[in-house]
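Data from input_28.txt: compact mmCIF, N, CA, C and O atoms and all ligand atoms
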# COMPACT_ATOMS: atom_id res chain seq x y z
N MET A 1 -7.32 -57.16 9.88
CA MET A 1 -6.94 -55.98 10.67
C MET A 1 -7.49 -54.74 9.99
O MET A 1 -7.04 -54.33 8.93
N LYS A 2 -8.55 -54.17 10.60
CA LYS A 2 -9.21 -53.00 10.00
C LYS A 2 -8.72 -51.70 10.63
O LYS A 2 -8.67 -50.66 9.97
N LYS A 3 -8.41 -51.75 11.91
CA LYS A 3 -7.96 -50.54 12.60
C LYS A 3 -6.47 -50.65 12.90
O LYS A 3 -5.98 -51.73 13.21
N ALA A 4 -5.83 -49.52 12.82
CA ALA A 4 -4.41 -49.50 13.12
C ALA A 4 -4.18 -49.81 14.59
O ALA A 4 -4.98 -49.46 15.45
N VAL A 5 -3.07 -50.45 14.87
CA VAL A 5 -2.66 -50.75 16.23
C VAL A 5 -2.10 -49.47 16.86
O VAL A 5 -1.39 -48.71 16.20
N ILE A 6 -2.42 -49.24 18.11
CA ILE A 6 -1.86 -48.08 18.82
C ILE A 6 -0.43 -48.44 19.23
O ILE A 6 -0.21 -49.21 20.18
N ALA A 7 0.52 -47.91 18.51
CA ALA A 7 1.92 -48.24 18.79
C ALA A 7 2.43 -47.49 20.02
O ALA A 7 3.23 -48.01 20.80
N ALA A 8 1.97 -46.26 20.17
CA ALA A 8 2.37 -45.43 21.31
C ALA A 8 1.29 -44.39 21.53
O ALA A 8 0.62 -43.98 20.58
N ARG A 9 1.13 -43.95 22.75
CA ARG A 9 0.11 -42.93 23.04
C ARG A 9 0.75 -41.56 23.16
O ARG A 9 0.40 -40.77 24.03
N PHE A 10 1.71 -41.35 22.29
CA PHE A 10 2.42 -40.07 22.26
C PHE A 10 3.05 -39.93 20.87
O PHE A 10 3.27 -40.92 20.17
N PRO A 11 3.37 -38.69 20.48
CA PRO A 11 4.05 -38.48 19.20
C PRO A 11 5.55 -38.63 19.35
O PRO A 11 6.09 -38.62 20.46
N PHE A 12 6.21 -38.79 18.22
CA PHE A 12 7.67 -38.88 18.17
C PHE A 12 8.20 -37.60 17.53
O PHE A 12 8.10 -37.42 16.32
N PRO A 13 8.74 -36.68 18.30
CA PRO A 13 9.30 -35.46 17.72
C PRO A 13 10.68 -35.75 17.12
O PRO A 13 11.62 -36.06 17.84
N LEU A 14 10.75 -35.70 15.81
CA LEU A 14 11.99 -36.08 15.12
C LEU A 14 12.35 -35.04 14.07
O LEU A 14 11.47 -34.47 13.42
N GLU A 15 13.64 -34.84 13.90
CA GLU A 15 14.10 -33.88 12.90
C GLU A 15 14.20 -34.56 11.54
O GLU A 15 14.71 -35.69 11.43
N VAL A 16 13.68 -33.90 10.52
CA VAL A 16 13.87 -34.35 9.15
C VAL A 16 14.60 -33.24 8.40
O VAL A 16 14.41 -32.05 8.67
N LYS A 17 15.44 -33.66 7.48
CA LYS A 17 16.23 -32.71 6.70
C LYS A 17 15.60 -32.49 5.33
O LYS A 17 15.02 -33.42 4.75
N LYS A 18 15.74 -31.30 4.80
CA LYS A 18 15.20 -30.98 3.48
C LYS A 18 15.64 -32.04 2.47
O LYS A 18 16.82 -32.36 2.36
N GLY A 19 14.65 -32.59 1.74
CA GLY A 19 14.94 -33.59 0.71
C GLY A 19 14.97 -35.02 1.23
O GLY A 19 14.99 -35.96 0.44
N GLU A 20 14.98 -35.17 2.55
CA GLU A 20 15.01 -36.51 3.14
C GLU A 20 13.64 -37.19 2.96
O GLU A 20 12.61 -36.57 3.14
N THR A 21 13.66 -38.46 2.60
CA THR A 21 12.42 -39.22 2.45
C THR A 21 12.34 -40.27 3.55
O THR A 21 13.31 -40.98 3.81
N VAL A 22 11.17 -40.31 4.20
CA VAL A 22 10.94 -41.28 5.27
C VAL A 22 9.62 -41.99 5.00
O VAL A 22 8.77 -41.49 4.27
N GLN A 23 9.48 -43.15 5.59
CA GLN A 23 8.23 -43.91 5.47
C GLN A 23 7.64 -44.10 6.85
O GLN A 23 8.17 -44.87 7.67
N TRP A 24 6.53 -43.40 7.07
CA TRP A 24 5.85 -43.46 8.37
C TRP A 24 4.96 -44.69 8.42
O TRP A 24 4.21 -44.96 7.48
N CYS A 25 5.06 -45.41 9.51
CA CYS A 25 4.22 -46.61 9.71
C CYS A 25 2.79 -46.19 10.00
O CYS A 25 2.54 -45.47 10.98
N ALA A 26 1.85 -46.64 9.17
CA ALA A 26 0.43 -46.33 9.37
C ALA A 26 -0.30 -47.43 10.13
O ALA A 26 -1.37 -47.20 10.69
N CYS A 27 0.28 -48.64 10.14
CA CYS A 27 -0.43 -49.79 10.72
C CYS A 27 -0.22 -49.93 12.22
O CYS A 27 -1.04 -50.52 12.92
N GLY A 28 0.90 -49.45 12.70
CA GLY A 28 1.22 -49.56 14.12
C GLY A 28 1.97 -50.83 14.49
O GLY A 28 2.28 -51.03 15.66
N LEU A 29 2.26 -51.67 13.54
CA LEU A 29 2.91 -52.95 13.84
C LEU A 29 4.43 -52.89 13.83
O LEU A 29 5.09 -53.81 14.32
N SER A 30 4.98 -51.85 13.25
CA SER A 30 6.44 -51.77 13.13
C SER A 30 7.13 -51.80 14.50
O SER A 30 6.64 -51.20 15.46
N GLN A 31 8.25 -52.46 14.55
CA GLN A 31 9.07 -52.48 15.76
C GLN A 31 10.06 -51.32 15.77
O GLN A 31 10.89 -51.21 16.68
N ASN A 32 9.99 -50.49 14.75
CA ASN A 32 10.92 -49.38 14.62
C ASN A 32 10.14 -48.08 14.46
O ASN A 32 10.32 -47.34 13.50
N GLN A 33 9.24 -47.81 15.40
CA GLN A 33 8.38 -46.63 15.33
C GLN A 33 9.18 -45.34 15.36
O GLN A 33 10.20 -45.27 16.03
N PRO A 34 8.70 -44.32 14.59
CA PRO A 34 7.44 -44.30 13.84
C PRO A 34 7.60 -44.77 12.40
O PRO A 34 6.71 -44.55 11.59
N TRP A 35 8.69 -45.43 12.10
CA TRP A 35 8.96 -45.79 10.70
C TRP A 35 8.45 -47.18 10.35
O TRP A 35 8.40 -48.07 11.20
N CYS A 36 8.14 -47.36 9.09
CA CYS A 36 7.72 -48.67 8.57
C CYS A 36 8.90 -49.62 8.55
O CYS A 36 10.00 -49.25 8.13
N ASP A 37 8.66 -50.84 9.03
CA ASP A 37 9.70 -51.88 8.93
C ASP A 37 9.22 -53.07 8.09
O ASP A 37 9.82 -54.14 8.14
N GLY A 38 8.10 -52.87 7.38
CA GLY A 38 7.58 -53.93 6.52
C GLY A 38 6.56 -54.82 7.19
O GLY A 38 5.98 -55.71 6.55
N SER A 39 6.30 -54.60 8.48
CA SER A 39 5.38 -55.47 9.21
C SER A 39 3.93 -55.37 8.74
O SER A 39 3.10 -56.19 9.13
N HIS A 40 3.62 -54.36 7.94
CA HIS A 40 2.23 -54.19 7.44
C HIS A 40 1.88 -55.25 6.39
O HIS A 40 0.70 -55.39 6.05
N ARG A 41 2.85 -55.98 5.90
CA ARG A 41 2.57 -56.96 4.85
C ARG A 41 1.50 -57.94 5.32
O ARG A 41 1.56 -58.46 6.42
N GLY A 42 0.51 -58.15 4.45
CA GLY A 42 -0.60 -59.03 4.79
C GLY A 42 -1.78 -58.29 5.38
O GLY A 42 -2.82 -58.88 5.64
N THR A 43 -1.63 -56.96 5.63
CA THR A 43 -2.73 -56.13 6.11
C THR A 43 -3.16 -55.21 4.97
O THR A 43 -2.57 -55.21 3.90
N ASP A 44 -4.21 -54.42 5.24
CA ASP A 44 -4.68 -53.44 4.24
C ASP A 44 -3.90 -52.14 4.32
O ASP A 44 -4.18 -51.21 3.57
N PHE A 45 -2.95 -52.05 5.22
CA PHE A 45 -2.23 -50.80 5.43
C PHE A 45 -0.98 -50.71 4.56
O PHE A 45 -0.36 -51.72 4.23
N VAL A 46 -0.65 -49.49 4.22
CA VAL A 46 0.61 -49.21 3.53
C VAL A 46 1.25 -48.02 4.24
O VAL A 46 0.55 -47.20 4.85
N PRO A 47 2.57 -47.90 4.18
CA PRO A 47 3.22 -46.77 4.83
C PRO A 47 2.96 -45.46 4.07
O PRO A 47 2.57 -45.49 2.90
N VAL A 48 3.16 -44.37 4.75
CA VAL A 48 3.05 -43.05 4.13
C VAL A 48 4.46 -42.53 3.86
O VAL A 48 5.27 -42.44 4.78
N THR A 49 4.73 -42.25 2.60
CA THR A 49 6.04 -41.75 2.22
C THR A 49 6.04 -40.22 2.25
O THR A 49 5.17 -39.59 1.66
N ILE A 50 6.99 -39.65 2.96
CA ILE A 50 7.08 -38.20 3.11
C ILE A 50 8.47 -37.74 2.70
O ILE A 50 9.46 -38.32 3.15
N THR A 51 8.52 -36.70 1.88
CA THR A 51 9.80 -36.06 1.56
C THR A 51 9.78 -34.67 2.17
O THR A 51 8.89 -33.86 1.87
N ALA A 52 10.71 -34.41 3.05
CA ALA A 52 10.74 -33.13 3.77
C ALA A 52 11.04 -31.97 2.82
O ALA A 52 11.93 -32.07 1.98
N ARG A 53 10.25 -30.89 2.94
CA ARG A 53 10.46 -29.71 2.10
C ARG A 53 11.50 -28.78 2.70
O ARG A 53 12.01 -27.90 2.03
N ARG A 54 11.75 -28.96 3.99
CA ARG A 54 12.74 -28.12 4.66
C ARG A 54 13.21 -28.85 5.92
O ARG A 54 12.58 -29.82 6.34
N ASP A 55 14.27 -28.38 6.51
CA ASP A 55 14.71 -28.91 7.80
C ASP A 55 13.66 -28.55 8.84
O ASP A 55 13.30 -27.36 8.95
N GLN A 56 13.18 -29.52 9.56
CA GLN A 56 12.19 -29.20 10.59
C GLN A 56 12.03 -30.36 11.56
O GLN A 56 12.42 -31.49 11.27
N ILE A 57 11.45 -30.04 12.71
CA ILE A 57 11.05 -31.06 13.67
C ILE A 57 9.59 -31.39 13.39
O ILE A 57 8.75 -30.50 13.31
N VAL A 58 9.32 -32.67 13.21
CA VAL A 58 7.95 -33.13 12.96
C VAL A 58 7.52 -34.01 14.12
O VAL A 58 8.27 -34.88 14.56
N PHE A 59 6.31 -33.77 14.61
CA PHE A 59 5.74 -34.62 15.65
C PHE A 59 4.97 -35.74 14.96
O PHE A 59 3.80 -35.59 14.65
N PHE A 60 5.67 -36.85 14.72
CA PHE A 60 5.06 -37.98 14.02
C PHE A 60 4.13 -38.73 14.96
O PHE A 60 4.52 -39.08 16.09
N CYS A 61 2.94 -38.99 14.48
CA CYS A 61 1.92 -39.68 15.28
C CYS A 61 2.37 -41.09 15.62
O CYS A 61 2.76 -41.86 14.74
N GLY A 62 2.29 -41.44 16.91
CA GLY A 62 2.62 -42.78 17.35
C GLY A 62 1.38 -43.64 17.58
O GLY A 62 1.47 -44.86 17.60
N CYS A 63 0.23 -42.98 17.73
CA CYS A 63 -0.99 -43.74 18.03
C CYS A 63 -1.69 -44.23 16.77
O CYS A 63 -2.54 -45.12 16.84
N LYS A 64 -1.35 -43.63 15.64
CA LYS A 64 -1.91 -44.02 14.33
C LYS A 64 -3.38 -43.68 14.17
O LYS A 64 -4.07 -44.24 13.33
N HIS A 65 -3.86 -42.75 15.00
CA HIS A 65 -5.26 -42.34 14.90
C HIS A 65 -5.41 -40.84 14.65
O HIS A 65 -6.51 -40.29 14.80
N SER A 66 -4.34 -40.19 14.29
CA SER A 66 -4.42 -38.76 13.97
C SER A 66 -5.26 -38.54 12.72
O SER A 66 -5.19 -39.32 11.77
N LYS A 67 -6.06 -37.49 12.73
CA LYS A 67 -6.84 -37.12 11.53
C LYS A 67 -5.94 -36.46 10.49
O LYS A 67 -6.37 -36.19 9.38
N ARG A 68 -4.72 -36.17 10.87
CA ARG A 68 -3.77 -35.53 9.96
C ARG A 68 -2.71 -36.52 9.48
O ARG A 68 -1.59 -36.13 9.15
N GLY A 69 -3.06 -37.80 9.46
CA GLY A 69 -2.12 -38.80 8.96
C GLY A 69 -0.90 -38.92 9.84
O GLY A 69 -1.01 -39.20 11.03
N GLU A 70 0.25 -38.67 9.27
CA GLU A 70 1.50 -38.87 10.01
C GLU A 70 1.78 -37.80 11.05
O GLU A 70 2.66 -37.97 11.90
N ILE A 71 1.03 -36.71 11.00
CA ILE A 71 1.26 -35.61 11.94
C ILE A 71 0.33 -35.74 13.15
O ILE A 71 -0.89 -35.85 12.98
N CYS A 72 0.89 -35.69 14.34
CA CYS A 72 0.07 -35.74 15.57
C CYS A 72 -0.89 -34.54 15.60
O CYS A 72 -0.48 -33.41 15.39
N ASP A 73 -2.17 -34.85 15.86
CA ASP A 73 -3.17 -33.77 16.01
C ASP A 73 -3.77 -33.77 17.41
O ASP A 73 -4.79 -33.13 17.65
N GLY A 74 -3.16 -34.51 18.31
CA GLY A 74 -3.65 -34.55 19.69
C GLY A 74 -4.65 -35.66 19.94
O GLY A 74 -5.10 -35.86 21.07
N SER A 75 -5.02 -36.41 18.91
CA SER A 75 -6.02 -37.48 19.06
C SER A 75 -5.57 -38.54 20.08
O SER A 75 -6.43 -39.21 20.67
N HIS A 76 -4.27 -38.68 20.28
CA HIS A 76 -3.80 -39.71 21.21
C HIS A 76 -4.35 -39.49 22.61
O HIS A 76 -4.52 -40.42 23.38
N ALA A 77 -4.65 -38.24 22.95
CA ALA A 77 -5.14 -37.93 24.29
C ALA A 77 -6.60 -38.36 24.48
O ALA A 77 -7.08 -38.41 25.60
N ARG A 78 -7.28 -38.67 23.37
CA ARG A 78 -8.70 -39.00 23.45
C ARG A 78 -8.97 -40.48 23.16
O ARG A 78 -10.12 -40.89 23.06
N LEU A 79 -7.93 -41.26 23.04
CA LEU A 79 -8.11 -42.68 22.74
C LEU A 79 -8.58 -43.42 23.97
O LEU A 79 -8.15 -43.12 25.10
N GLU A 80 -9.49 -44.39 23.75
CA GLU A 80 -9.95 -45.21 24.87
C GLU A 80 -8.84 -46.15 25.29
O GLU A 80 -8.04 -46.62 24.49
N ARG A 81 -8.83 -46.44 26.58
CA ARG A 81 -7.89 -47.43 27.11
C ARG A 81 -8.45 -48.82 26.84
O ARG A 81 -9.66 -49.01 26.95
N SER A 82 -7.60 -49.74 26.48
CA SER A 82 -8.12 -51.09 26.26
C SER A 82 -7.14 -52.10 26.84
O SER A 82 -6.05 -51.78 27.22
FE1 LIG A 101 3.33 -50.24 9.56
FE2 LIG A 101 4.72 -50.66 7.34
S1 LIG A 101 5.08 -51.50 9.27
S2 LIG A 101 2.99 -49.40 7.61
FE1 LIG A 102 -1.31 -39.90 17.37
FE2 LIG A 102 -0.80 -37.72 18.74
S1 LIG A 102 0.32 -39.51 18.72
S2 LIG A 102 -2.45 -38.08 17.43

Structure translated into structure tokens:
Amino acid sequence: MKKAVIAARFPFPLEVKKGETVQWCACGLSQNQPWCDGSHRGTDFVPVTITARRDQIVFFCGCKHSKRGEICDGSHARLERS
């Protein structure tokens, strides 16, 4: 598995609290999007660990093709249909 699976063609707007640590799924295989559930095991992917610097709403990428990693950059709108 070289390319991440498109888990969703939209971002997940979620609130994170200052100091909270989350693990964003980079592979797209997790059944608990956008978070890692360990399903990446056996692939070349690892989750991205983020610790929030402040309370905020983050638009976590669901398509796994953002150029900004865990942050949606709008790339989901340009993905080919398959
Ligand atoms: Fe996707 Fe862990 S399940 S990175
Ligand atoms: Fe991945 Fe927007 S959901 S770039």

Could you produce a table of the residues of chain A lying within 5 Å of ligand LIG 102 (chain A), with the nearest pair of atoms per residue and their separation in Å rounded to one decimal, using all atoms listed in the file, ordered by chain and increasing residue number, as a Markdown table?
| residue | atom | partner | partner_atom | distance |
| --- | --- | --- | --- | --- |
| A:Ala8 | O | A:LIG102 | S1 | 4.9 |
| A:Arg9 | C | A:LIG102 | S1 | 4.9 |
| A:Phe10 | C | A:LIG102 | S1 | 3.5 |
| A:Pro11 | N | A:LIG102 | S1 | 3.6 |
| A:Phe60 | O | A:LIG102 | S1 | 5.0 |
| A:Cys61 | CA | A:LIG102 | S1 | 3.8 |
| A:Gly62 | N | A:LIG102 | S1 | 3.3 |
| A:Cys63 | N | A:LIG102 | FE1 | 3.5 |
| A:Lys64 | N | A:LIG102 | FE1 | 4.1 |
| A:His65 | N | A:LIG102 | FE1 | 4.5 |
| A:Ser66 | CA | A:LIG102 | S2 | 4.0 |
| A:Cys72 | CA | A:LIG102 | FE2 | 3.8 |
| A:Asp73 | N | A:LIG102 | S2 | 3.6 |
| A:Gly74 | N | A:LIG102 | S2 | 3.7 |
| A:Ser75 | N | A:LIG102 | S2 | 3.4 |
| A:His76 | N | A:LIG102 | S2 | 3.4 |

Q. Which of these residues is nearest to ligand LIG 101 (chain A), using all atoms listed in the file: A:Leu14, A:Ala77, A:Cys27, A:Ala4?
A.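 The shortest atom-to-atom distance to ligand LIG 101 (chain A) comes from A:Cys27.
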
Q: Could you give me, as a list in words, every polymer residue with an atom at most 6 Å away from an atom of ligand LIG 101 (chain A), counting only C-alpha atoms and all ligand atoms?
A: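 Based on only C-alpha atoms and all ligand atoms, ligand LIG 101 (chain A) is surrounded within 6 Å by Cys25, Ala26, Cys27, Gly28, Leu29, Ser30, Cys36, Asp37, Gly38, Ser39, His40, Phe45, Val46 and Pro47 of chain A.
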
Since we have the selection now, will you write its residues out, keeping N, CA, C and O atoms, as a CSV table (one decimal), in the coordinates of the input?
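The resulting selection-v6.csv:
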chain,number,residue,atom,x,y,z
A,25,CYS,N,5.1,-45.4,9.5
A,25,CYS,CA,4.2,-46.6,9.7
A,25,CYS,C,2.8,-46.2,10.0
A,25,CYS,O,2.5,-45.5,11.0
A,26,ALA,N,1.8,-46.6,9.2
A,26,ALA,CA,0.4,-46.3,9.4
A,26,ALA,C,-0.3,-47.4,10.1
A,26,ALA,O,-1.4,-47.2,10.7
A,27,CYS,N,0.3,-48.6,10.1
A,27,CYS,CA,-0.4,-49.8,10.7
A,27,CYS,C,-0.2,-49.9,12.2
A,27,CYS,O,-1.0,-50.5,12.9
A,28,GLY,N,0.9,-49.4,12.7
A,28,GLY,CA,1.2,-49.6,14.1
A,28,GLY,C,2.0,-50.8,14.5
A,28,GLY,O,2.3,-51.0,15.7
A,29,LEU,N,2.3,-51.7,13.5
A,29,LEU,CA,2.9,-53.0,13.8
A,29,LEU,C,4.4,-52.9,13.8
A,29,LEU,O,5.1,-53.8,14.3
A,30,SER,N,5.0,-51.8,13.2
A,30,SER,CA,6.4,-51.8,13.1
A,30,SER,C,7.1,-51.8,14.5
A,30,SER,O,6.6,-51.2,15.5
A,36,CYS,N,8.1,-47.4,9.1
A,36,CYS,CA,7.7,-48.7,8.6
A,36,CYS,C,8.9,-49.6,8.6
A,36,CYS,O,10.0,-49.2,8.1
A,37,ASP,N,8.7,-50.8,9.0
A,37,ASP,CA,9.7,-51.9,8.9
A,37,ASP,C,9.2,-53.1,8.1
A,37,ASP,O,9.8,-54.1,8.1
A,38,GLY,N,8.1,-52.9,7.4
A,38,GLY,CA,7.6,-53.9,6.5
A,38,GLY,C,6.6,-54.8,7.2
A,38,GLY,O,6.0,-55.7,6.6
A,39,SER,N,6.3,-54.6,8.5
A,39,SER,CA,5.4,-55.5,9.2
A,39,SER,C,3.9,-55.4,8.7
A,39,SER,O,3.1,-56.2,9.1
A,40,HIS,N,3.6,-54.4,7.9
A,40,HIS,CA,2.2,-54.2,7.4
A,40,HIS,C,1.9,-55.2,6.4
A,40,HIS,O,0.7,-55.4,6.0
A,45,PHE,N,-3.0,-52.0,5.2
A,45,PHE,CA,-2.2,-50.8,5.4
A,45,PHE,C,-1.0,-50.7,4.6
A,45,PHE,O,-0.4,-51.7,4.2
A,46,VAL,N,-0.6,-49.5,4.2
A,46,VAL,CA,0.6,-49.2,3.5
A,46,VAL,C,1.2,-48.0,4.2
A,46,VAL,O,0.6,-47.2,4.8
A,47,PRO,N,2.6,-47.9,4.2
A,47,PRO,CA,3.2,-46.8,4.8
A,47,PRO,C,3.0,-45.5,4.1
A,47,PRO,O,2.6,-45.5,2.9

Q) With only C-alpha atoms as the atoms that count, which of A:Arg81, A:Arg54, A:Lys2, A:Lys67 lies nearest to A:Gly42? A)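 Of A:Arg81, A:Arg54, A:Lys2, A:Lys67, the one nearest A:Gly42, counting only C-alpha atoms, is A:Lys2.
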
Q | Nearest candidate to A:Gln23 (options A:Ile57, A:Ile50, A:Lys3, A:Thr43; using only N, CA, C and O atoms) | A | A:Ile50

**Q.** Point-to-point distance from atom N of A:Glu20 to atom C of A:Pro34, Å rounded to tenths
**A.**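 Value for the atom N of A:Glu20-atom C of A:Pro34 distance: 15.6 Å.
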
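Among the residues of chain A, backbone DSSP assigns strand (DSSP E or B) to Phe12, Pro13, Leu14, Glu15, Val16, Thr21, Val22, Gln23, Trp24, Trp35, Val48, Thr49, Ile50, Thr51, Gln56, Ile57, Val58, Phe59, Phe60, Arg68 and Ile71 of chain A.
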
Just need the box for stretch 13-31 of chain A, edges along x, y and z, holding every atom the file lists for it with 5 Å tacked onto each side, so centre and edge lengths in Å to one decimal, as JSON.
{"center_x": 7.7, "center_y": -42.4, "center_z": 9.4, "size_x": 28.2, "size_y": 32.8, "size_z": 27.9}

File output, stretch 7-16 of chain A (all heavy atoms) as a PDB file, in the first residue's frame:
ATOM      1  N   ALA A   7     -10.509   8.003   2.823  1.00  0.00           N
ATOM      2  CA  ALA A   7     -11.491   7.600   3.830  1.00  0.00           C
ATOM      3  C   ALA A   7     -12.788   8.378   3.673  1.00  0.00           C
ATOM      4  O   ALA A   7     -13.883   7.852   3.890  1.00  0.00           O
ATOM      5  CB  ALA A   7     -10.923   7.801   5.228  1.00  0.00           C
ATOM      6  N   ALA A   8     -12.660   9.644   3.305  1.00  0.00           N
ATOM      7  CA  ALA A   8     -13.831  10.511   3.113  1.00  0.00           C
ATOM      8  C   ALA A   8     -13.422  11.629   2.170  1.00  0.00           C
ATOM      9  O   ALA A   8     -12.258  12.026   2.146  1.00  0.00           O
ATOM     10  CB  ALA A   8     -14.295  11.088   4.445  1.00  0.00           C
ATOM     11  N   ARG A   9     -14.374  12.146   1.428  1.00  0.00           N
ATOM     12  CA  ARG A   9     -14.059  13.234   0.498  1.00  0.00           C
ATOM     13  C   ARG A   9     -14.481  14.571   1.091  1.00  0.00           C
ATOM     14  O   ARG A   9     -15.026  15.430   0.403  1.00  0.00           O
ATOM     15  CB  ARG A   9     -14.739  12.989  -0.853  1.00  0.00           C
ATOM     16  CG  ARG A   9     -14.144  11.797  -1.578  1.00  0.00           C
ATOM     17  CD  ARG A   9     -14.867  11.481  -2.866  1.00  0.00           C
ATOM     18  NE  ARG A   9     -14.284  10.311  -3.502  1.00  0.00           N
ATOM     19  CZ  ARG A   9     -13.293  10.360  -4.392  1.00  0.00           C
ATOM     20  NH1 ARG A   9     -12.819  11.523  -4.768  1.00  0.00           N
ATOM     21  NH2 ARG A   9     -12.809   9.259  -4.893  1.00  0.00           N
ATOM     22  N   PHE A  10     -14.258  14.668   2.378  1.00  0.00           N
ATOM     23  CA  PHE A  10     -14.588  15.895   3.106  1.00  0.00           C
ATOM     24  C   PHE A  10     -13.751  15.922   4.384  1.00  0.00           C
ATOM     25  O   PHE A  10     -13.283  14.880   4.852  1.00  0.00           O
ATOM     26  CB  PHE A  10     -16.087  15.943   3.448  1.00  0.00           C
ATOM     27  CG  PHE A  10     -16.577  14.685   4.120  1.00  0.00           C
ATOM     28  CD1 PHE A  10     -16.406  14.477   5.486  1.00  0.00           C
ATOM     29  CD2 PHE A  10     -17.208  13.696   3.378  1.00  0.00           C
ATOM     30  CE1 PHE A  10     -16.858  13.314   6.109  1.00  0.00           C
ATOM     31  CE2 PHE A  10     -17.661  12.522   3.996  1.00  0.00           C
ATOM     32  CZ  PHE A  10     -17.482  12.339   5.353  1.00  0.00           C
ATOM     33  N   PRO A  11     -13.575  17.116   4.959  1.00  0.00           N
ATOM     34  CA  PRO A  11     -12.846  17.210   6.227  1.00  0.00           C
ATOM     35  C   PRO A  11     -13.771  16.965   7.409  1.00  0.00           C
ATOM     36  O   PRO A  11     -15.000  17.008   7.279  1.00  0.00           O
ATOM     37  CB  PRO A  11     -12.346  18.653   6.220  1.00  0.00           C
ATOM     38  CG  PRO A  11     -13.365  19.402   5.424  1.00  0.00           C
ATOM     39  CD  PRO A  11     -13.895  18.443   4.393  1.00  0.00           C
ATOM     40  N   PHE A  12     -13.168  16.706   8.548  1.00  0.00           N
ATOM     41  CA  PHE A  12     -13.899  16.516   9.798  1.00  0.00           C
ATOM     42  C   PHE A  12     -13.630  17.731  10.686  1.00  0.00           C
ATOM     43  O   PHE A  12     -12.545  17.845  11.259  1.00  0.00           O
ATOM     44  CB  PHE A  12     -13.407  15.257  10.523  1.00  0.00           C
ATOM     45  CG  PHE A  12     -13.706  13.978   9.807  1.00  0.00           C
ATOM     46  CD1 PHE A  12     -12.885  13.525   8.782  1.00  0.00           C
ATOM     47  CD2 PHE A  12     -14.808  13.217  10.153  1.00  0.00           C
ATOM     48  CE1 PHE A  12     -13.155  12.327   8.122  1.00  0.00           C
ATOM     49  CE2 PHE A  12     -15.101  12.020   9.499  1.00  0.00           C
ATOM     50  CZ  PHE A  12     -14.263  11.582   8.481  1.00  0.00           C
ATOM     51  N   PRO A  13     -14.560  18.653  10.816  1.00  0.00           N
ATOM     52  CA  PRO A  13     -14.348  19.799  11.704  1.00  0.00           C
ATOM     53  C   PRO A  13     -14.572  19.383  13.158  1.00  0.00           C
ATOM     54  O   PRO A  13     -15.691  19.058  13.541  1.00  0.00           O
ATOM     55  CB  PRO A  13     -15.402  20.813  11.233  1.00  0.00           C
ATOM     56  CG  PRO A  13     -16.453  20.014  10.567  1.00  0.00           C
ATOM     57  CD  PRO A  13     -15.846  18.718  10.113  1.00  0.00           C
ATOM     58  N   LEU A  14     -13.503  19.361  13.917  1.00  0.00           N
ATOM     59  CA  LEU A  14     -13.587  18.868  15.294  1.00  0.00           C
ATOM     60  C   LEU A  14     -12.876  19.819  16.242  1.00  0.00           C
ATOM     61  O   LEU A  14     -11.847  20.412  15.895  1.00  0.00           O
ATOM     62  CB  LEU A  14     -12.952  17.478  15.392  1.00  0.00           C
ATOM     63  CG  LEU A  14     -13.696  16.379  14.614  1.00  0.00           C
ATOM     64  CD1 LEU A  14     -12.856  15.125  14.522  1.00  0.00           C
ATOM     65  CD2 LEU A  14     -15.043  16.088  15.255  1.00  0.00           C
ATOM     66  N   GLU A  15     -13.408  19.925  17.436  1.00  0.00           N
ATOM     67  CA  GLU A  15     -12.801  20.795  18.434  1.00  0.00           C
ATOM     68  C   GLU A  15     -11.712  20.038  19.184  1.00  0.00           C
ATOM     69  O   GLU A  15     -11.904  18.878  19.574  1.00  0.00           O
ATOM     70  CB  GLU A  15     -13.858  21.276  19.425  1.00  0.00           C
ATOM     71  CG  GLU A  15     -13.293  22.256  20.448  1.00  0.00           C
ATOM     72  CD  GLU A  15     -14.373  22.827  21.359  1.00  0.00           C
ATOM     73  OE1 GLU A  15     -15.480  22.253  21.404  1.00  0.00           O
ATOM     74  OE2 GLU A  15     -14.081  23.832  22.002  1.00  0.00           O
ATOM     75  N   VAL A  16     -10.561  20.677  19.332  1.00  0.00           N
ATOM     76  CA  VAL A  16      -9.504  20.136  20.184  1.00  0.00           C
ATOM     77  C   VAL A  16      -9.244  21.152  21.289  1.00  0.00           C
ATOM     78  O   VAL A  16      -9.359  22.366  21.092  1.00  0.00           O
ATOM     79  CB  VAL A  16      -8.204  19.843  19.404  1.00  0.00           C
ATOM     80  CG1 VAL A  16      -8.393  18.661  18.469  1.00  0.00           C
ATOM     81  CG2 VAL A  16      -7.745  21.070  18.625  1.00  0.00           C
TER      82      VAL A  16
END
